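Working notes for the structure below.
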Amino acid sequence: MASFGRFIRLALGAFALLLLVVAVPASAQQVNPTASSVKEQQLLQEFNRIQGRVSIPDQRSGVLEQPQGREWREFRNVTLRWIGGIAILGMIAAIVIFYLTVGMVRLEAGRSGRTIVRFNAFERFVHWLTATCFIVLAISGLNITFGRPLLLPLIGFEAFSEWSQWAKFAHNYLSFPFTLGVILIFLMWIGGNIPNKVDVEWAKRGGGLIGHDHPPAYRFNGGQKMIYWIVVIGGGLVATSGYALMFPFYGTGIEGMQMAQIVHSIVAVLFVAAMIAHIYIGTIGMEGAFEAMGSGEVDVNWAREHHRLWLDEQNARTGPNDGQPQPATAAAE
Amino acid sequence: MARMKFLCDADRCIECNACVTACKNEHEVPWGINRRRVVTINDGKPGERSISMACMHCTDAPCAAVCPVNCFYTTADGVVLHSKDLCIGCGYCFYACPFGAPQYPKVGNFGSRGKMDKCTYCAGGPEADGSKEEYEKYGANRLAEGKLPLCAEMCSTKSLLAGDGEIIAQIYKERVMKRGYGSGAWGWKTAYRETIES
């Protein structure tokens, strides 16, 4: 019986040895730790970015990879330059053609010599505050997009960087008075700029730009209302998106800033194109228009031709002084 | 000429952060800026990996492409550097960078971010190699002394590799072959448009 016990022990031992022999190559065959590990391509496909934990205080650096900057780069270097180039050069070309073919919109009845107040001192102050800021902002902004291909080769690296640095400071600091100007414009002229039926008629007649048509208008005609809303909405958008860029990470991450830059730049170049048209019509495009923002007083004939309903309103308020003889001093304006 | 690259073998990185510390110390990087950092993904979960990341010195670098003042340049070794004298601190490189490398000493500061700072691959800047001005602006220029970036040089597990792209890719491939696994060269596809077959 003792031999049987020994046989059992031997058999068990042999079996255990066999197990070991079989098991050894199995454990030597490495488990693949990457099989269960995170994978770069999979993470990128799933989330379009890879984020983890960092032990340094700057938690934003936990974003390991965010390749969508490539799309933003394409926008900034190619798409935006096309949009901006077409919008701005296209507008300038259109204006030059219009000026050469149609020319300045004249006062058909000539000057009456009598004037009427169109914009008071405060209104003019706000207009010019916004306008000067806008011009500096526009030039310094266009410099960021178009300066490198256009201006840098002409003036060299040092001079271009120096100028761009100052332009950037001006851009950042003047954004504040500009924003204030936009807010004041919004508040002080909202009354006259709600679109109504008169604007439909005005638009149907093309604003009277072609020929000698003068569709009736109140204080602001359809075109001016358009400029008003471009300033208010466009200004609101550039201000909001601009501050998101100026104060990084206060409300947005990198993706938010890419979006903000896209909104900021597209709105800005369209804004510039629209303002070129505005500047044209307010200066050499229309006789008697500049005085509205210059001295603040326009010729009564100008008011009659371009803003008949507004003139009627004013006359109704102050009494018709149409037939009254006017003092000669008024003609000096 | 060599084409310098970084490669982080995520299967070896133990998140000791010595590369981060070495970098800060070697270049006396200002407070608040980390030219290199270690990111742990799926922290504490099965399959977590740590990756040490800095500027990858991309091929066709996005930062250089979007810079409005063209202050970036690529050295003969393929290292992407920039001039702090030309930088206007606009932040565009930092919107474009896939790896979060560009940083500013005054992030969030009203109107001015200061000059951008990023990993130089221990290769300094446009100033004379090893000059005092170069050190103050960009840190040490080890490459000019014939040394590789310190972060990789002192990596305790040799997870972080720096050097010619082909050589470090070869080292990585051999490792993967020998041990039988590898989670790939993190960031290479984004930075160099290529991966290392493993």
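Residue numbering restarts at 1 in every chain; chains get A, B, ... in the order shown in the structure tokens, and ligands count up from 1 in that same order.
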Residue hits in chain B, query chain A, radius 8 Å, only C-alpha atoms, as an NGL selection string: :B and (11 or 32 or 37-43 or 46-49 or 53 or 62 or 65-66 or 68-70 or 86-88 or 90 or 94-100 or 107-112 or 179-184 or 186-187 or 190)
Atoms to include: N, CA and C atoms. Write the selected residues as a compact mmCIF listing (two decimals), in the first residue's frame.
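Full text of result_21.txt as output:
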```
# COMPACT_ATOMS: atom_id res chain seq x y z
N ASP B 11 4.99 53.70 -23.06
CA ASP B 11 5.00 52.48 -22.27
C ASP B 11 6.13 52.47 -21.25
N GLY B 32 5.42 80.01 -13.95
CA GLY B 32 4.15 79.96 -14.67
C GLY B 32 4.27 79.39 -16.07
N ARG B 37 5.75 69.33 -20.20
CA ARG B 37 4.90 68.85 -19.13
C ARG B 37 4.57 67.38 -19.40
N VAL B 38 4.17 66.68 -18.32
CA VAL B 38 3.80 65.27 -18.47
C VAL B 38 2.29 65.16 -18.28
N VAL B 39 1.62 64.62 -19.28
CA VAL B 39 0.17 64.46 -19.21
C VAL B 39 -0.15 62.99 -19.02
N THR B 40 -0.98 62.70 -18.03
CA THR B 40 -1.39 61.31 -17.80
C THR B 40 -2.82 61.15 -18.27
N ILE B 41 -3.01 60.19 -19.16
CA ILE B 41 -4.33 59.95 -19.73
C ILE B 41 -4.93 58.72 -19.05
N ASN B 42 -6.22 58.80 -18.78
CA ASN B 42 -6.92 57.74 -18.05
C ASN B 42 -6.27 57.50 -16.70
N ASP B 43 -5.94 58.56 -16.02
CA ASP B 43 -5.23 58.48 -14.75
C ASP B 43 -5.95 57.56 -13.76
N PRO B 46 -7.28 51.34 -15.69
CA PRO B 46 -6.47 50.38 -16.44
C PRO B 46 -6.11 50.98 -17.81
N GLY B 47 -4.89 50.78 -18.22
CA GLY B 47 -4.47 51.29 -19.52
C GLY B 47 -4.05 52.74 -19.50
N GLU B 48 -3.82 53.31 -18.32
CA GLU B 48 -3.37 54.70 -18.27
C GLU B 48 -1.97 54.82 -18.89
N ARG B 49 -1.72 55.97 -19.49
CA ARG B 49 -0.41 56.21 -20.06
C ARG B 49 -0.01 57.65 -19.77
N MET B 53 5.36 65.92 -23.00
CA MET B 53 5.11 66.68 -24.22
C MET B 53 5.69 68.10 -24.11
N PRO B 62 2.78 74.86 -37.80
CA PRO B 62 1.62 75.75 -37.87
C PRO B 62 1.88 77.12 -37.25
N ALA B 65 3.55 79.26 -39.65
CA ALA B 65 2.69 79.63 -40.78
C ALA B 65 1.73 80.75 -40.43
N VAL B 66 1.22 80.77 -39.19
CA VAL B 66 0.20 81.77 -38.86
C VAL B 66 0.78 83.05 -38.26
N PRO B 68 1.85 86.52 -37.61
CA PRO B 68 1.66 87.70 -38.45
C PRO B 68 2.95 88.45 -38.75
N VAL B 69 3.98 88.26 -37.92
CA VAL B 69 5.23 88.99 -38.15
C VAL B 69 6.36 88.08 -38.61
N ASN B 70 6.03 86.80 -38.84
CA ASN B 70 7.01 85.85 -39.37
C ASN B 70 8.25 85.76 -38.49
N LEU B 86 11.22 89.98 -32.40
CA LEU B 86 10.20 90.24 -33.42
C LEU B 86 8.80 89.93 -32.91
N CYS B 87 8.68 88.97 -31.99
CA CYS B 87 7.36 88.54 -31.48
C CYS B 87 6.59 89.74 -30.93
N ILE B 88 5.30 89.84 -31.30
CA ILE B 88 4.48 90.93 -30.77
C ILE B 88 3.47 90.43 -29.74
N CYS B 90 0.89 88.30 -30.01
CA CYS B 90 -0.51 88.36 -30.45
C CYS B 90 -1.29 87.12 -30.06
N PHE B 94 -0.35 80.29 -30.60
CA PHE B 94 -0.93 79.49 -29.54
C PHE B 94 -2.34 79.01 -29.90
N TYR B 95 -2.99 79.69 -30.83
CA TYR B 95 -4.26 79.14 -31.35
C TYR B 95 -3.97 78.00 -32.32
N ALA B 96 -2.84 78.09 -33.03
CA ALA B 96 -2.57 77.13 -34.10
C ALA B 96 -1.89 75.86 -33.61
N CYS B 97 -1.14 75.96 -32.51
CA CYS B 97 -0.31 74.84 -32.07
C CYS B 97 -1.16 73.66 -31.61
N PRO B 98 -0.89 72.45 -32.13
CA PRO B 98 -1.65 71.28 -31.69
C PRO B 98 -1.22 70.78 -30.31
N PHE B 99 -0.07 71.22 -29.82
CA PHE B 99 0.49 70.65 -28.61
C PHE B 99 0.51 71.63 -27.43
N GLY B 100 -0.07 72.78 -27.60
CA GLY B 100 -0.10 73.75 -26.51
C GLY B 100 1.28 74.22 -26.10
N VAL B 107 -0.14 85.75 -19.46
CA VAL B 107 -1.42 85.29 -20.00
C VAL B 107 -2.57 85.98 -19.26
N GLY B 108 -3.43 86.57 -20.03
CA GLY B 108 -4.60 87.20 -19.41
C GLY B 108 -4.34 88.62 -19.00
N ASN B 109 -3.09 89.05 -19.13
CA ASN B 109 -2.79 90.42 -18.75
C ASN B 109 -3.40 91.37 -19.77
N PHE B 110 -4.02 92.40 -19.31
CA PHE B 110 -4.74 93.34 -20.16
C PHE B 110 -3.87 93.90 -21.26
N GLY B 111 -4.26 93.62 -22.47
CA GLY B 111 -3.60 94.24 -23.62
C GLY B 111 -2.27 93.66 -24.03
N SER B 112 -1.58 92.98 -23.15
CA SER B 112 -0.27 92.50 -23.52
C SER B 112 0.02 91.15 -22.90
N ARG B 179 10.24 43.82 -27.00
CA ARG B 179 9.31 43.59 -25.90
C ARG B 179 7.94 43.15 -26.40
N GLY B 180 7.68 43.35 -27.67
CA GLY B 180 6.44 42.83 -28.24
C GLY B 180 5.26 43.78 -28.20
N TYR B 181 5.44 44.99 -27.78
CA TYR B 181 4.32 45.93 -27.76
C TYR B 181 4.82 47.37 -27.79
N GLY B 182 3.92 48.27 -28.12
CA GLY B 182 4.26 49.69 -28.11
C GLY B 182 3.04 50.48 -28.50
N SER B 183 2.77 51.56 -27.79
CA SER B 183 1.55 52.33 -28.09
C SER B 183 1.82 53.43 -29.11
N GLY B 184 2.97 53.36 -29.75
CA GLY B 184 3.22 54.29 -30.85
C GLY B 184 3.88 55.58 -30.42
N TRP B 186 3.64 59.06 -29.82
CA TRP B 186 2.56 60.03 -29.59
C TRP B 186 2.89 61.38 -30.21
N GLY B 187 1.94 61.87 -30.97
CA GLY B 187 2.10 63.20 -31.56
C GLY B 187 2.80 63.22 -32.91
N THR B 190 0.58 64.01 -35.95
CA THR B 190 0.18 65.40 -35.99
C THR B 190 1.37 66.30 -36.33
```
Spatial neighbours of stretch 188-194 of chain A, max dist 7 Å, only C-alpha atoms, sep filter under 4 positions, as a PyMOL selection string: chain A and resi 184+219-220+225
Let me see the file: selected residues, C-alpha atoms, as a compact mmCIF listing (two decimals), in the first residue's frame.
```txt
# COMPACT_ATOMS: atom_id res chain seq x y z
CA LEU A 184 -23.96 104.93 -27.63
CA ARG A 219 -34.64 110.58 -40.58
CA PHE A 220 -32.79 107.45 -41.70
CA LYS A 225 -30.62 101.79 -41.37
```
Within 9 Å of A:Val126 using only C-alpha atoms, minus same-chain residues under 5 positions, as a PyMOL selection string: chain A and resi 121+131+180-182+184-185
Suppose we keep N, CA and C atoms; can you now write the selection as a PDB file, in the first residue's frame?
```
ATOM      1  N   ALA A 121     -24.314 118.168 -31.424  1.00  0.00           N
ATOM      2  CA  ALA A 121     -22.886 118.026 -31.113  1.00  0.00           C
ATOM      3  C   ALA A 121     -22.577 116.672 -30.490  1.00  0.00           C
ATOM      4  N   ALA A 131     -15.769 106.496 -35.298  1.00  0.00           N
ATOM      5  CA  ALA A 131     -15.146 106.455 -36.622  1.00  0.00           C
ATOM      6  C   ALA A 131     -13.617 106.455 -36.542  1.00  0.00           C
ATOM      7  N   LEU A 180     -17.610 101.558 -26.570  1.00  0.00           N
ATOM      8  CA  LEU A 180     -18.465 102.589 -25.975  1.00  0.00           C
ATOM      9  C   LEU A 180     -19.238 103.330 -27.069  1.00  0.00           C
ATOM     10  N   GLY A 181     -18.534 103.676 -28.152  1.00  0.00           N
ATOM     11  CA  GLY A 181     -19.169 104.365 -29.269  1.00  0.00           C
ATOM     12  C   GLY A 181     -20.298 103.548 -29.875  1.00  0.00           C
ATOM     13  N   VAL A 182     -20.054 102.257 -30.043  1.00  0.00           N
ATOM     14  CA  VAL A 182     -21.084 101.385 -30.619  1.00  0.00           C
ATOM     15  C   VAL A 182     -22.310 101.333 -29.709  1.00  0.00           C
ATOM     16  N   LEU A 184     -23.264 103.639 -27.578  1.00  0.00           N
ATOM     17  CA  LEU A 184     -23.964 104.933 -27.632  1.00  0.00           C
ATOM     18  C   LEU A 184     -24.730 105.094 -28.948  1.00  0.00           C
ATOM     19  N   ILE A 185     -24.114 104.634 -30.044  1.00  0.00           N
ATOM     20  CA  ILE A 185     -24.804 104.696 -31.340  1.00  0.00           C
ATOM     21  C   ILE A 185     -26.081 103.874 -31.270  1.00  0.00           C
TER      22      ILE A 185
END
```
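If only C-alpha atoms are the atoms counted, then among B:Glu194, B:Ala185, B:Ala140, B:Gly125 the closest residue to B:Ile171 is B:Ala185.
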Closest of B:Tyr92, B:Trp188, B:Tyr121, B:Tyr172 to B:Cys67 - atom-to-atom distances counting only C-alpha atoms: B:Tyr92
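Omitting B:Tyr192 and its sequence neighbours fewer than 2 positions away, and counting only C-alpha atoms, the residues within 10 Å are B:Lys5, B:Met56, B:His57, B:Cys58, B:Thr59, B:Asp60, B:Ala61, B:Gly165, B:Gly187, B:Trp188, B:Lys189, B:Thr190, B:Glu194, B:Thr195.
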Produce a file of the selected residues containing C-alpha atoms, as a PDB file, in the first residue's frame.
```pdb
ATOM      1  CA  LYS B   5      12.645  65.117 -33.179  1.00  0.00           C
ATOM      2  CA  MET B  56       7.395  68.868 -31.220  1.00  0.00           C
ATOM      3  CA  HIS B  57       9.275  71.053 -33.719  1.00  0.00           C
ATOM      4  CA  CYS B  58       6.744  70.182 -36.388  1.00  0.00           C
ATOM      5  CA  THR B  59       7.366  69.715 -40.050  1.00  0.00           C
ATOM      6  CA  ASP B  60       5.673  72.678 -41.761  1.00  0.00           C
ATOM      7  CA  ALA B  61       5.072  74.181 -38.323  1.00  0.00           C
ATOM      8  CA  GLY B 165      14.294  61.367 -36.224  1.00  0.00           C
ATOM      9  CA  GLY B 187       2.103  63.197 -31.561  1.00  0.00           C
ATOM     10  CA  TRP B 188       4.180  62.113 -34.537  1.00  0.00           C
ATOM     11  CA  LYS B 189       1.277  61.897 -36.929  1.00  0.00           C
ATOM     12  CA  THR B 190       0.184  65.400 -35.987  1.00  0.00           C
ATOM     13  CA  GLU B 194       4.159  60.069 -40.125  1.00  0.00           C
ATOM     14  CA  THR B 195       3.954  57.277 -37.612  1.00  0.00           C
TER      15      THR B 195
END
```
In stretch 67-173 of chain B, DSSP strand (DSSP E) residues written as a ChimeraX atom specification: /B:72-74,80-82,160-164
Could you take the residues named above and write them with N, CA and C atoms, as a compact mmCIF listing (two decimals), in the first residue's frame?
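And here's selection-v9.txt as it stands now:
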```txt
# COMPACT_ATOMS: atom_id res chain seq x y z
N PHE B 72 9.21 83.17 -36.70
CA PHE B 72 9.74 81.80 -36.54
C PHE B 72 10.73 81.47 -37.64
N TYR B 73 11.63 80.55 -37.32
CA TYR B 73 12.51 80.00 -38.35
C TYR B 73 12.87 78.58 -37.98
N THR B 74 13.20 77.80 -38.98
CA THR B 74 13.57 76.42 -38.75
C THR B 74 15.06 76.28 -39.00
N VAL B 80 12.42 74.19 -34.62
CA VAL B 80 11.62 75.39 -34.85
C VAL B 80 11.89 76.40 -33.74
N LEU B 81 12.48 77.52 -34.10
CA LEU B 81 12.82 78.54 -33.11
C LEU B 81 12.13 79.85 -33.46
N HIS B 82 12.16 80.81 -32.55
CA HIS B 82 11.54 82.09 -32.85
C HIS B 82 12.35 83.22 -32.23
N LEU B 160 11.79 59.20 -22.87
CA LEU B 160 11.84 60.36 -23.77
C LEU B 160 13.13 60.31 -24.58
N LEU B 161 12.96 60.25 -25.90
CA LEU B 161 14.11 60.20 -26.78
C LEU B 161 14.20 61.49 -27.57
N ALA B 162 15.42 61.98 -27.73
CA ALA B 162 15.63 63.15 -28.57
C ALA B 162 16.82 62.87 -29.46
N GLY B 163 16.76 63.38 -30.66
CA GLY B 163 17.86 63.16 -31.59
C GLY B 163 17.35 63.10 -33.00
N ASP B 164 18.19 62.63 -33.88
CA ASP B 164 17.76 62.54 -35.28
C ASP B 164 16.55 61.62 -35.40
```
Neighbours of B:Asn34 within 10 Å (only C-alpha atoms; same-chain residues fewer than 6 positions away dropped), as a PDB file with N, CA and C atoms, in the first residue's frame?
```
ATOM      1  N   ILE A  56       1.352  69.722 -12.645  1.00  0.00           N
ATOM      2  CA  ILE A  56       1.816  71.099 -12.482  1.00  0.00           C
ATOM      3  C   ILE A  56       0.590  72.002 -12.285  1.00  0.00           C
ATOM      4  N   PRO A  57       0.785  73.196 -11.724  1.00  0.00           N
ATOM      5  CA  PRO A  57      -0.388  74.035 -11.414  1.00  0.00           C
ATOM      6  C   PRO A  57      -1.198  74.453 -12.649  1.00  0.00           C
ATOM      7  N   ASP A  58      -0.556  74.556 -13.795  1.00  0.00           N
ATOM      8  CA  ASP A  58      -1.252  75.025 -14.987  1.00  0.00           C
ATOM      9  C   ASP A  58      -2.122  73.901 -15.558  1.00  0.00           C
ATOM     10  N   SER A  61      -2.600  72.967 -19.328  1.00  0.00           N
ATOM     11  CA  SER A  61      -1.619  72.194 -20.075  1.00  0.00           C
ATOM     12  C   SER A  61      -1.975  70.708 -20.094  1.00  0.00           C
TER      13      SER A  61
ATOM     14  N   VAL B  20      10.439  67.708 -16.802  1.00  0.00           N
ATOM     15  CA  VAL B  20       9.846  69.023 -16.583  1.00  0.00           C
ATOM     16  C   VAL B  20      10.763  69.863 -15.698  1.00  0.00           C
ATOM     17  N   THR B  21      11.220  69.244 -14.633  1.00  0.00           N
ATOM     18  CA  THR B  21      12.077  69.929 -13.677  1.00  0.00           C
ATOM     19  C   THR B  21      13.425  70.293 -14.294  1.00  0.00           C
ATOM     20  N   CYS B  23      14.126  70.787 -17.384  1.00  0.00           N
ATOM     21  CA  CYS B  23      13.939  71.861 -18.358  1.00  0.00           C
ATOM     22  C   CYS B  23      13.840  73.207 -17.661  1.00  0.00           C
ATOM     23  N   LYS B  24      13.016  73.242 -16.615  1.00  0.00           N
ATOM     24  CA  LYS B  24      12.829  74.510 -15.899  1.00  0.00           C
ATOM     25  C   LYS B  24      14.154  75.006 -15.344  1.00  0.00           C
ATOM     26  N   ALA B  54       6.297  68.527 -25.205  1.00  0.00           N
ATOM     27  CA  ALA B  54       6.755  69.917 -25.345  1.00  0.00           C
ATOM     28  C   ALA B  54       6.501  70.287 -26.789  1.00  0.00           C
ATOM     29  N   ALA B 101       2.217  74.282 -27.055  1.00  0.00           N
ATOM     30  CA  ALA B 101       3.591  74.639 -26.696  1.00  0.00           C
ATOM     31  C   ALA B 101       3.789  76.130 -26.421  1.00  0.00           C
ATOM     32  N   PRO B 102       3.291  77.044 -27.276  1.00  0.00           N
ATOM     33  CA  PRO B 102       3.558  78.458 -27.015  1.00  0.00           C
ATOM     34  C   PRO B 102       2.860  78.935 -25.732  1.00  0.00           C
ATOM     35  N   GLN B 103       3.605  79.666 -24.938  1.00  0.00           N
ATOM     36  CA  GLN B 103       3.039  80.217 -23.710  1.00  0.00           C
ATOM     37  C   GLN B 103       3.514  81.649 -23.553  1.00  0.00           C
ATOM     38  N   ASP B 117       7.002  82.237 -25.272  1.00  0.00           N
ATOM     39  CA  ASP B 117       8.091  81.367 -24.848  1.00  0.00           C
ATOM     40  C   ASP B 117       7.697  79.928 -25.153  1.00  0.00           C
ATOM     41  N   LYS B 118       8.637  79.160 -25.639  1.00  0.00           N
ATOM     42  CA  LYS B 118       8.370  77.740 -25.871  1.00  0.00           C
ATOM     43  C   LYS B 118       9.678  76.970 -25.843  1.00  0.00           C
ATOM     44  N   CYS B 119       9.548  75.645 -25.916  1.00  0.00           N
ATOM     45  CA  CYS B 119      10.709  74.761 -25.956  1.00  0.00           C
ATOM     46  C   CYS B 119      11.573  75.112 -27.161  1.00  0.00           C
TER      47      CYS B 119
END
```
Near-A:His212 list (12 Å; only C-alpha atoms; drop same-chain fewer than 6 positions) as number ranges by chain: A: 102, 104-109, 205-206, 305-306
Written selection (C-alpha atoms) as a CSV table (one decimal), in the first residue's frame:
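The resulting file, selection_39.csv, is shown below:
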```
chain,number,residue,atom,x,y,z
A,102,VAL,CA,-22.8,107.7,-62.2
A,104,MET,CA,-21.6,112.3,-57.4
A,105,VAL,CA,-25.2,112.4,-56.4
A,106,ARG,CA,-26.0,116.1,-56.9
A,107,LEU,CA,-28.5,118.3,-55.2
A,108,GLU,CA,-31.0,118.5,-58.0
A,109,ALA,CA,-32.6,121.7,-56.7
A,205,ARG,CA,-36.5,101.8,-55.9
A,206,GLY,CA,-32.9,100.9,-55.2
A,305,GLU,CA,-34.5,115.3,-51.6
A,306,HIS,CA,-33.1,112.6,-49.4
```
Residues of chain B in alpha helix (DSSP H), written as a PyMOL selection string: chain B and resi 18-27+62-66+92-96+132-138+150-153+165-179+188-192
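With atom CA of A:Gly110 on one side and atom CA of A:Ala289 on the other, the separation reads 13.2 Å.
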Shortest interatomic distance to B:Gly124 - which of B:Ala144, B:Ala2, B:Cys71, B:Met154, counting only C-alpha atoms: B:Ala144
Near-A:Ile284 list (12 Å; only C-alpha atoms; drop same-chain fewer than 3 positions) as JSON, numbers by chain: {"A": [95, 96, 98, 99, 100, 103, 104, 105, 106, 276, 277, 278, 279, 280, 281, 287, 288, 289, 290, 291]}
Output the selection as a PDB file, in the first residue's frame - C-alpha atoms for each residue.
```
ATOM      1  CA  ILE A  95     -17.368 102.212 -55.845  1.00  0.00           C
ATOM      2  CA  VAL A  96     -14.788 103.317 -58.413  1.00  0.00           C
ATOM      3  CA  PHE A  98     -20.036 103.630 -59.735  1.00  0.00           C
ATOM      4  CA  TYR A  99     -18.253 106.934 -59.283  1.00  0.00           C
ATOM      5  CA  LEU A 100     -16.888 106.892 -62.821  1.00  0.00           C
ATOM      6  CA  GLY A 103     -20.633 110.221 -60.372  1.00  0.00           C
ATOM      7  CA  MET A 104     -21.552 112.276 -57.360  1.00  0.00           C
ATOM      8  CA  VAL A 105     -25.222 112.376 -56.446  1.00  0.00           C
ATOM      9  CA  ARG A 106     -25.968 116.060 -56.900  1.00  0.00           C
ATOM     10  CA  ILE A 276     -15.773 101.993 -47.210  1.00  0.00           C
ATOM     11  CA  ALA A 277     -19.163 102.366 -48.885  1.00  0.00           C
ATOM     12  CA  HIS A 278     -20.394 104.476 -45.973  1.00  0.00           C
ATOM     13  CA  ILE A 279     -17.363 106.761 -46.166  1.00  0.00           C
ATOM     14  CA  TYR A 280     -17.792 107.098 -49.931  1.00  0.00           C
ATOM     15  CA  ILE A 281     -21.443 108.107 -49.792  1.00  0.00           C
ATOM     16  CA  GLU A 287     -23.336 116.404 -52.510  1.00  0.00           C
ATOM     17  CA  GLY A 288     -24.320 117.951 -49.209  1.00  0.00           C
ATOM     18  CA  ALA A 289     -24.079 114.736 -47.196  1.00  0.00           C
ATOM     19  CA  PHE A 290     -20.872 115.382 -45.287  1.00  0.00           C
ATOM     20  CA  GLU A 291     -22.240 118.496 -43.575  1.00  0.00           C
TER      21      GLU A 291
END
```
Pairwise distance for atom CA of A:Val298 and atom CA of A:Ile227, rounded to one decimal in Å: 19.5 Å
